[in-house]
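The data block below is final-v7.cif; it holds mmCIF, C-alpha atoms.
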data_input
loop_
_atom_site.label_atom_id
_atom_site.label_comp_id
_atom_site.auth_asym_id
_atom_site.auth_seq_id
_atom_site.Cartn_x
_atom_site.Cartn_y
_atom_site.Cartn_z
CA MET A 1 191.95 27.20 116.64
CA PRO A 2 193.41 25.74 113.44
CA LEU A 3 196.27 27.44 111.65
CA SER A 4 194.58 28.99 108.63
CA ARG A 5 194.75 31.97 106.34
CA ASP A 6 191.76 33.53 108.09
CA SER A 7 193.21 33.15 111.60
CA LEU A 8 196.50 34.69 110.45
CA THR A 9 194.88 37.48 108.45
CA ASP A 10 192.81 38.74 111.37
CA ASP A 11 195.62 37.87 113.85
CA SER A 12 193.28 35.73 115.96
CA PHE A 13 195.76 32.85 115.81
CA LYS A 14 198.13 34.80 118.04
CA GLN A 15 195.49 35.35 120.71
CA ALA A 16 194.46 31.70 120.56
CA MET A 17 198.04 30.63 121.24
CA LEU A 18 198.29 33.05 124.17
CA ASP A 19 195.03 31.75 125.62
CA GLU A 20 195.88 28.06 125.20
CA ALA A 21 198.39 28.01 128.07
CA PRO A 22 198.73 31.48 129.65
CA GLY A 23 202.30 32.39 130.43
CA GLU A 24 203.85 29.74 128.19
CA MET A 25 204.41 31.96 125.15
CA THR A 26 206.18 35.31 125.02
CA LEU A 27 205.48 37.36 121.93
CA MET A 28 208.32 38.74 119.86
CA ASP A 29 208.89 42.48 120.34
CA ALA A 30 206.65 44.30 117.85
CA GLU A 31 209.41 46.58 116.55
CA ALA A 32 211.85 43.71 116.06
CA PHE A 33 209.09 41.68 114.41
CA GLU A 34 208.39 44.39 111.82
CA ALA A 35 212.06 45.25 111.33
CA SER A 36 212.87 41.65 110.43
CA ARG A 37 210.06 41.61 107.85
CA ARG A 38 211.16 44.92 106.32
CA ALA A 39 214.76 43.70 106.08
CA ILE A 40 213.70 40.70 103.99
CA LEU A 41 211.47 42.86 101.79
CA GLU A 42 214.40 45.19 101.16
CA ARG A 43 216.57 42.30 100.01
CA ALA A 44 213.76 41.01 97.81
CA ARG A 45 213.43 44.40 96.11
CA GLU A 46 217.16 44.35 95.37
CA VAL A 47 216.90 41.05 93.49
CA GLY A 48 213.39 41.57 92.12
CA GLU A 49 211.87 38.33 93.48
CA LEU A 50 210.75 36.95 96.81
CA TRP A 51 211.14 33.23 97.37
CA VAL A 52 210.57 31.48 100.71
CA PHE A 53 212.15 28.14 101.60
CA GLY A 54 209.70 25.51 102.82
CA TYR A 55 211.34 22.76 104.85
CA GLY A 56 208.44 21.91 107.18
CA SER A 57 204.71 22.65 107.03
CA LEU A 58 205.21 25.24 104.29
CA ILE A 59 205.77 22.28 101.98
CA TRP A 60 202.25 20.85 102.33
CA ASN A 61 200.33 23.78 103.82
CA PRO A 62 201.89 27.05 102.60
CA ILE A 63 198.73 29.14 103.29
CA ILE A 64 200.39 32.14 101.60
CA ASP A 65 199.58 32.96 97.97
CA ILE A 66 202.34 31.73 95.64
CA ASP A 67 202.75 31.69 91.87
CA ASP A 68 205.63 29.23 91.48
CA ARG A 69 207.41 26.49 93.37
CA ARG A 70 210.49 24.39 92.76
CA ALA A 71 212.53 21.74 94.53
CA ALA A 72 215.50 23.32 96.31
CA ARG A 73 218.39 22.47 98.59
CA LEU A 74 219.94 24.61 101.30
CA PRO A 75 223.56 23.47 101.74
CA GLY A 76 225.18 23.37 105.16
CA HIS A 77 221.92 23.09 107.11
CA SER A 78 219.66 20.36 108.47
CA ARG A 79 216.15 19.88 109.83
CA ARG A 80 215.80 19.05 113.50
CA PHE A 81 213.04 18.82 116.05
CA CYS A 82 214.79 21.01 118.59
CA VAL A 83 212.28 23.56 119.91
CA TRP A 84 210.11 22.52 122.85
CA ALA A 85 206.39 23.11 122.27
CA PRO A 86 204.27 23.57 125.42
CA ILE A 87 201.42 24.82 123.22
CA GLY A 88 200.17 24.08 119.73
CA ARG A 89 201.64 20.58 119.47
CA GLY A 90 202.02 19.90 123.17
CA THR A 91 201.10 20.99 126.68
CA PRO A 92 203.16 22.40 129.58
CA ASP A 93 203.03 18.97 131.27
CA ARG A 94 203.81 17.04 128.10
CA PRO A 95 205.50 19.31 125.56
CA GLY A 96 205.93 18.32 121.99
CA LEU A 97 208.65 19.56 119.65
CA TRP A 98 208.64 22.08 116.83
CA LEU A 99 210.77 21.60 113.76
CA ALA A 100 213.57 24.06 113.01
CA LEU A 101 216.45 24.47 110.59
CA ASP A 102 219.89 24.30 112.18
CA GLU A 103 223.19 25.35 110.71
CA GLY A 104 225.49 22.42 110.00
CA GLY A 105 225.05 19.16 108.16
CA PRO A 106 225.21 18.14 104.51
CA GLY A 107 222.16 20.12 103.38
CA CYS A 108 218.38 20.27 103.59
CA ASP A 109 216.06 19.47 100.69
CA GLY A 110 212.79 21.35 100.51
CA VAL A 111 210.59 23.50 98.30
CA ALA A 112 211.10 27.13 97.27
CA LEU A 113 207.87 29.12 97.07
CA ARG A 114 207.60 32.40 95.12
CA ILE A 115 205.32 35.18 96.34
CA PRO A 116 203.88 37.40 93.56
CA ALA A 117 205.46 40.87 93.60
CA GLU A 118 202.12 42.65 93.91
CA LYS A 119 201.32 40.64 97.06
CA TRP A 120 204.58 40.94 99.02
CA GLU A 121 203.13 43.19 101.72
CA GLU A 122 200.02 41.14 102.41
CA GLU A 123 201.64 37.72 102.15
CA THR A 124 204.72 38.49 104.24
CA THR A 125 202.47 39.88 106.97
CA ILE A 126 200.64 36.55 107.06
CA LEU A 127 203.90 34.64 106.87
CA TRP A 128 205.49 36.56 109.74
CA ARG A 129 202.41 36.06 111.92
CA ARG A 130 202.86 32.36 111.31
CA GLU A 131 206.61 31.96 111.68
CA MET A 132 207.73 34.85 113.88
CA ILE A 133 204.98 35.10 116.49
CA ALA A 134 207.32 34.18 119.38
CA GLY A 135 210.76 34.72 117.86
CA VAL A 136 211.51 31.01 117.76
CA TYR A 137 212.97 31.46 114.28
CA ARG A 138 215.19 34.07 112.66
CA PRO A 139 214.73 35.05 109.02
CA ALA A 140 217.82 35.07 106.82
CA TRP A 141 218.56 35.72 103.16
CA LEU A 142 220.46 32.71 101.82
CA ALA A 143 221.25 31.00 98.53
CA LEU A 144 219.41 27.81 97.59
CA GLU A 145 220.53 25.29 95.02
CA THR A 146 217.91 24.42 92.37
CA ALA A 147 217.86 22.72 88.99
CA GLN A 148 217.49 26.19 87.47
CA GLY A 149 220.53 27.56 89.30
CA VAL A 150 221.30 29.45 92.50
CA LEU A 151 218.21 31.06 94.04
CA PRO A 152 218.36 33.85 96.66
CA CYS A 153 215.66 33.11 99.20
CA CYS A 154 214.14 33.94 102.60
CA VAL A 155 214.83 31.13 105.06
CA PHE A 156 213.55 30.77 108.62
CA LEU A 157 216.45 29.39 110.67
CA SER A 158 216.43 28.18 114.26
CA ASN A 159 217.10 30.77 116.94
CA PRO A 160 219.57 29.25 119.44
CA ALA A 161 219.07 32.27 121.74
CA HIS A 162 215.41 31.38 122.32
CA ASP A 163 214.66 29.68 125.63
CA ARG A 164 212.63 26.93 123.93
CA TYR A 165 215.53 25.92 121.69
CA SER A 166 217.76 23.02 122.69
CA ASP A 167 220.74 21.51 120.90
CA THR A 168 220.87 18.54 123.26
CA VAL A 169 217.55 16.78 122.56
CA SER A 170 218.48 13.15 121.99
CA HIS A 171 216.90 10.95 119.35
CA ALA A 172 215.05 9.02 122.06
CA GLU A 173 213.69 12.26 123.54
CA GLN A 174 212.58 13.42 120.11
CA VAL A 175 210.77 10.15 119.48
CA SER A 176 208.99 10.27 122.85
CA ALA A 177 207.94 13.93 122.53
CA ILE A 178 206.72 13.53 118.95
CA ALA A 179 204.83 10.31 119.74
CA THR A 180 202.97 11.82 122.71
CA GLY A 181 202.84 15.60 122.09
CA GLU A 182 199.39 17.01 121.34
CA GLY A 183 197.84 20.49 121.51
CA SER A 184 195.34 22.76 119.80
CA LEU A 185 197.05 22.33 116.41
CA GLY A 186 197.01 18.54 116.63
CA THR A 187 199.60 15.91 117.40
CA CYS A 188 203.31 16.13 116.80
CA ARG A 189 203.29 12.80 115.06
CA SER A 190 200.69 13.94 112.51
CA TYR A 191 202.97 16.89 111.72
CA LEU A 192 205.87 14.47 111.23
CA TYR A 193 203.82 12.18 108.99
CA ASP A 194 202.53 15.12 106.93
CA LEU A 195 206.11 16.29 106.45
CA SER A 196 207.21 12.84 105.32
CA ASP A 197 204.30 12.65 102.86
CA GLY A 198 204.98 16.17 101.60
CA LEU A 199 208.61 15.38 100.91
CA ASP A 200 207.61 12.20 99.11
CA ARG A 201 205.10 14.03 96.90
CA HIS A 202 207.87 16.36 95.74
CA GLY A 203 210.31 13.52 95.12
CA LEU A 204 212.40 14.50 98.14
CA SER A 205 213.64 12.57 101.16
CA ASP A 206 215.47 13.06 104.43
CA PRO A 207 217.04 10.07 106.28
CA TYR A 208 216.57 11.92 109.58
CA ILE A 209 212.81 12.20 108.97
CA ASP A 210 212.57 8.62 107.68
CA ARG A 211 214.18 7.31 110.87
CA LEU A 212 211.91 9.39 113.08
CA VAL A 213 208.79 8.20 111.25
CA CYS A 214 209.72 4.56 111.78
CA ASP A 215 210.57 4.99 115.46
CA VAL A 216 207.61 7.27 116.25
CA ARG A 217 205.15 4.81 114.71
CA VAL A 218 206.45 2.11 117.05
CA ALA A 219 206.46 4.42 120.08
CA ALA A 220 202.92 5.64 119.32
CA ILE A 221 201.66 2.05 119.33
CA ASP A 222 203.34 1.37 122.67
CA THR A 223 201.74 4.43 124.26
#

Structure rendered as structure tokens:
Amino acid sequence: MPLSRDSLTDDSFKQAMLDEAPGEMTLMDAEAFEASRRAILERAREVGELWVFGYGSLIWNPIIDIDDRRAARLPGHSRRFCVWAPIGRGTPDRPGLWLALDEGGPGCDGVALRIPAEKWEEETTILWRREMIAGVYRPAWLALETAQGVLPCCVFLSNPAHDRYSDTVSHAEQVSAIATGEGSLGTCRSYLYDLSDGLDRHGLSDPYIDRLVCDVRVAAIDT
């Protein structure tokens, strides 16, 4: 099943992921799931706006309804393919890798997306069903740097406590997993290429992604 607004609205995406490889995905506790969403909504009400930081697929496929976007940078963080994916973009026998946002590094360039105030409830429900289905990420309220000034924003960070997370995946392992990983959502390499194209369309770049694209293209040919 493709990741789409319809499959997130009716929550069928979750069941599809559970059915793809039974036993490979553990759902996030329902109470913790909702509490994390409510905490972000509370912060948004305090500042009067709700922005979400797109550093991966949210850049080119946000799905949620937005009314503004702007280039943004999150200092002190970096993108990394560091979450093993036995479903979606891989299989239990040949897992791919999911992208996450780690603390540390010079900063991560991406796109801030603003959700209209009258749609916070509906759109955050969809967003949480997309990002928080298995607790791989942890939502945080952080300050982005933009041309218009500092922007308080919801950011989905990596969750080092999750059993799929690894801080020891080498560059060679990342290249191999991305070049060969494939599941119901497509290939890992197509995700990487879409990310590279999305960054380019917004006038952004990331040397880490550029290097992976070059090396994955070579590895994909070899396989």

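Using only C-alpha atoms, the nearest neighbour of Cys214 of chain A within the list A:Ser78, A:Asn61, A:Thr125, A:Ser196 is A:Ser196.
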
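With all atoms listed in the file as the atoms that count, the minimum distance from Leu195 of chain A to the choices A:Asp210, A:Glu145, A:Asp102, A:Asp67 is reached by A:Asp210.
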
Task: Distance criterion (all atoms listed in the file): nearest to Leu127 of chain A out of A:Leu74, A:Leu113, A:Cys108, A:Ile209 - done: A:Leu113

- [ ] Return the single residue from A:Arg189, A:Ile66, A:Met25, A:Ala112 that is closest to Ala147 of chain A, with distances computed using all atoms listed in the file.
- [x] A:Ala112

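Using all atoms listed in the file for every distance, the candidate list A:Val155, A:Val83, A:Ala35, A:Ala117 yields A:Ala117 as the residue closest to Asp65 of chain A.
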
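On the file presented, the PyMOL selection byres ((chain A and resi 94-98) around 7) picks out Phe81, Cys82, Val83, Trp84, Ala85, Pro86, Arg89, Gly90, Thr91, Pro92, Asp93, Leu99, Ala100, Ala177, Ile178, Gly181, Glu182 and Cys188 of chain A.
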
Task: Counting all atoms listed in the file, the residue of A:Ala143, A:Ile115, A:Val52, A:Ile63 that sits nearest Thr9 of chain A - done: A:Ile63

Task: Selection result for the PyMOL selection byres ((chain A and resi 141) around 12) on this file, as a PyMOL selection string - done: chain A and resi 36-37+39-44+46-47+50-53+74+138-140+142-144+151-157

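For Ser7 of chain A, the set of protein, DNA and RNA residues having any atom at most 12 Å away, when counting all atoms listed in the file and skipping those fewer than 4 positions along the same chain, is Met1, Pro2, Leu3, Asp11, Ser12, Phe13, Lys14, Gln15, Ala16, Met17, Ile63, Ile126, Leu127, Arg129 and Arg130 of chain A.
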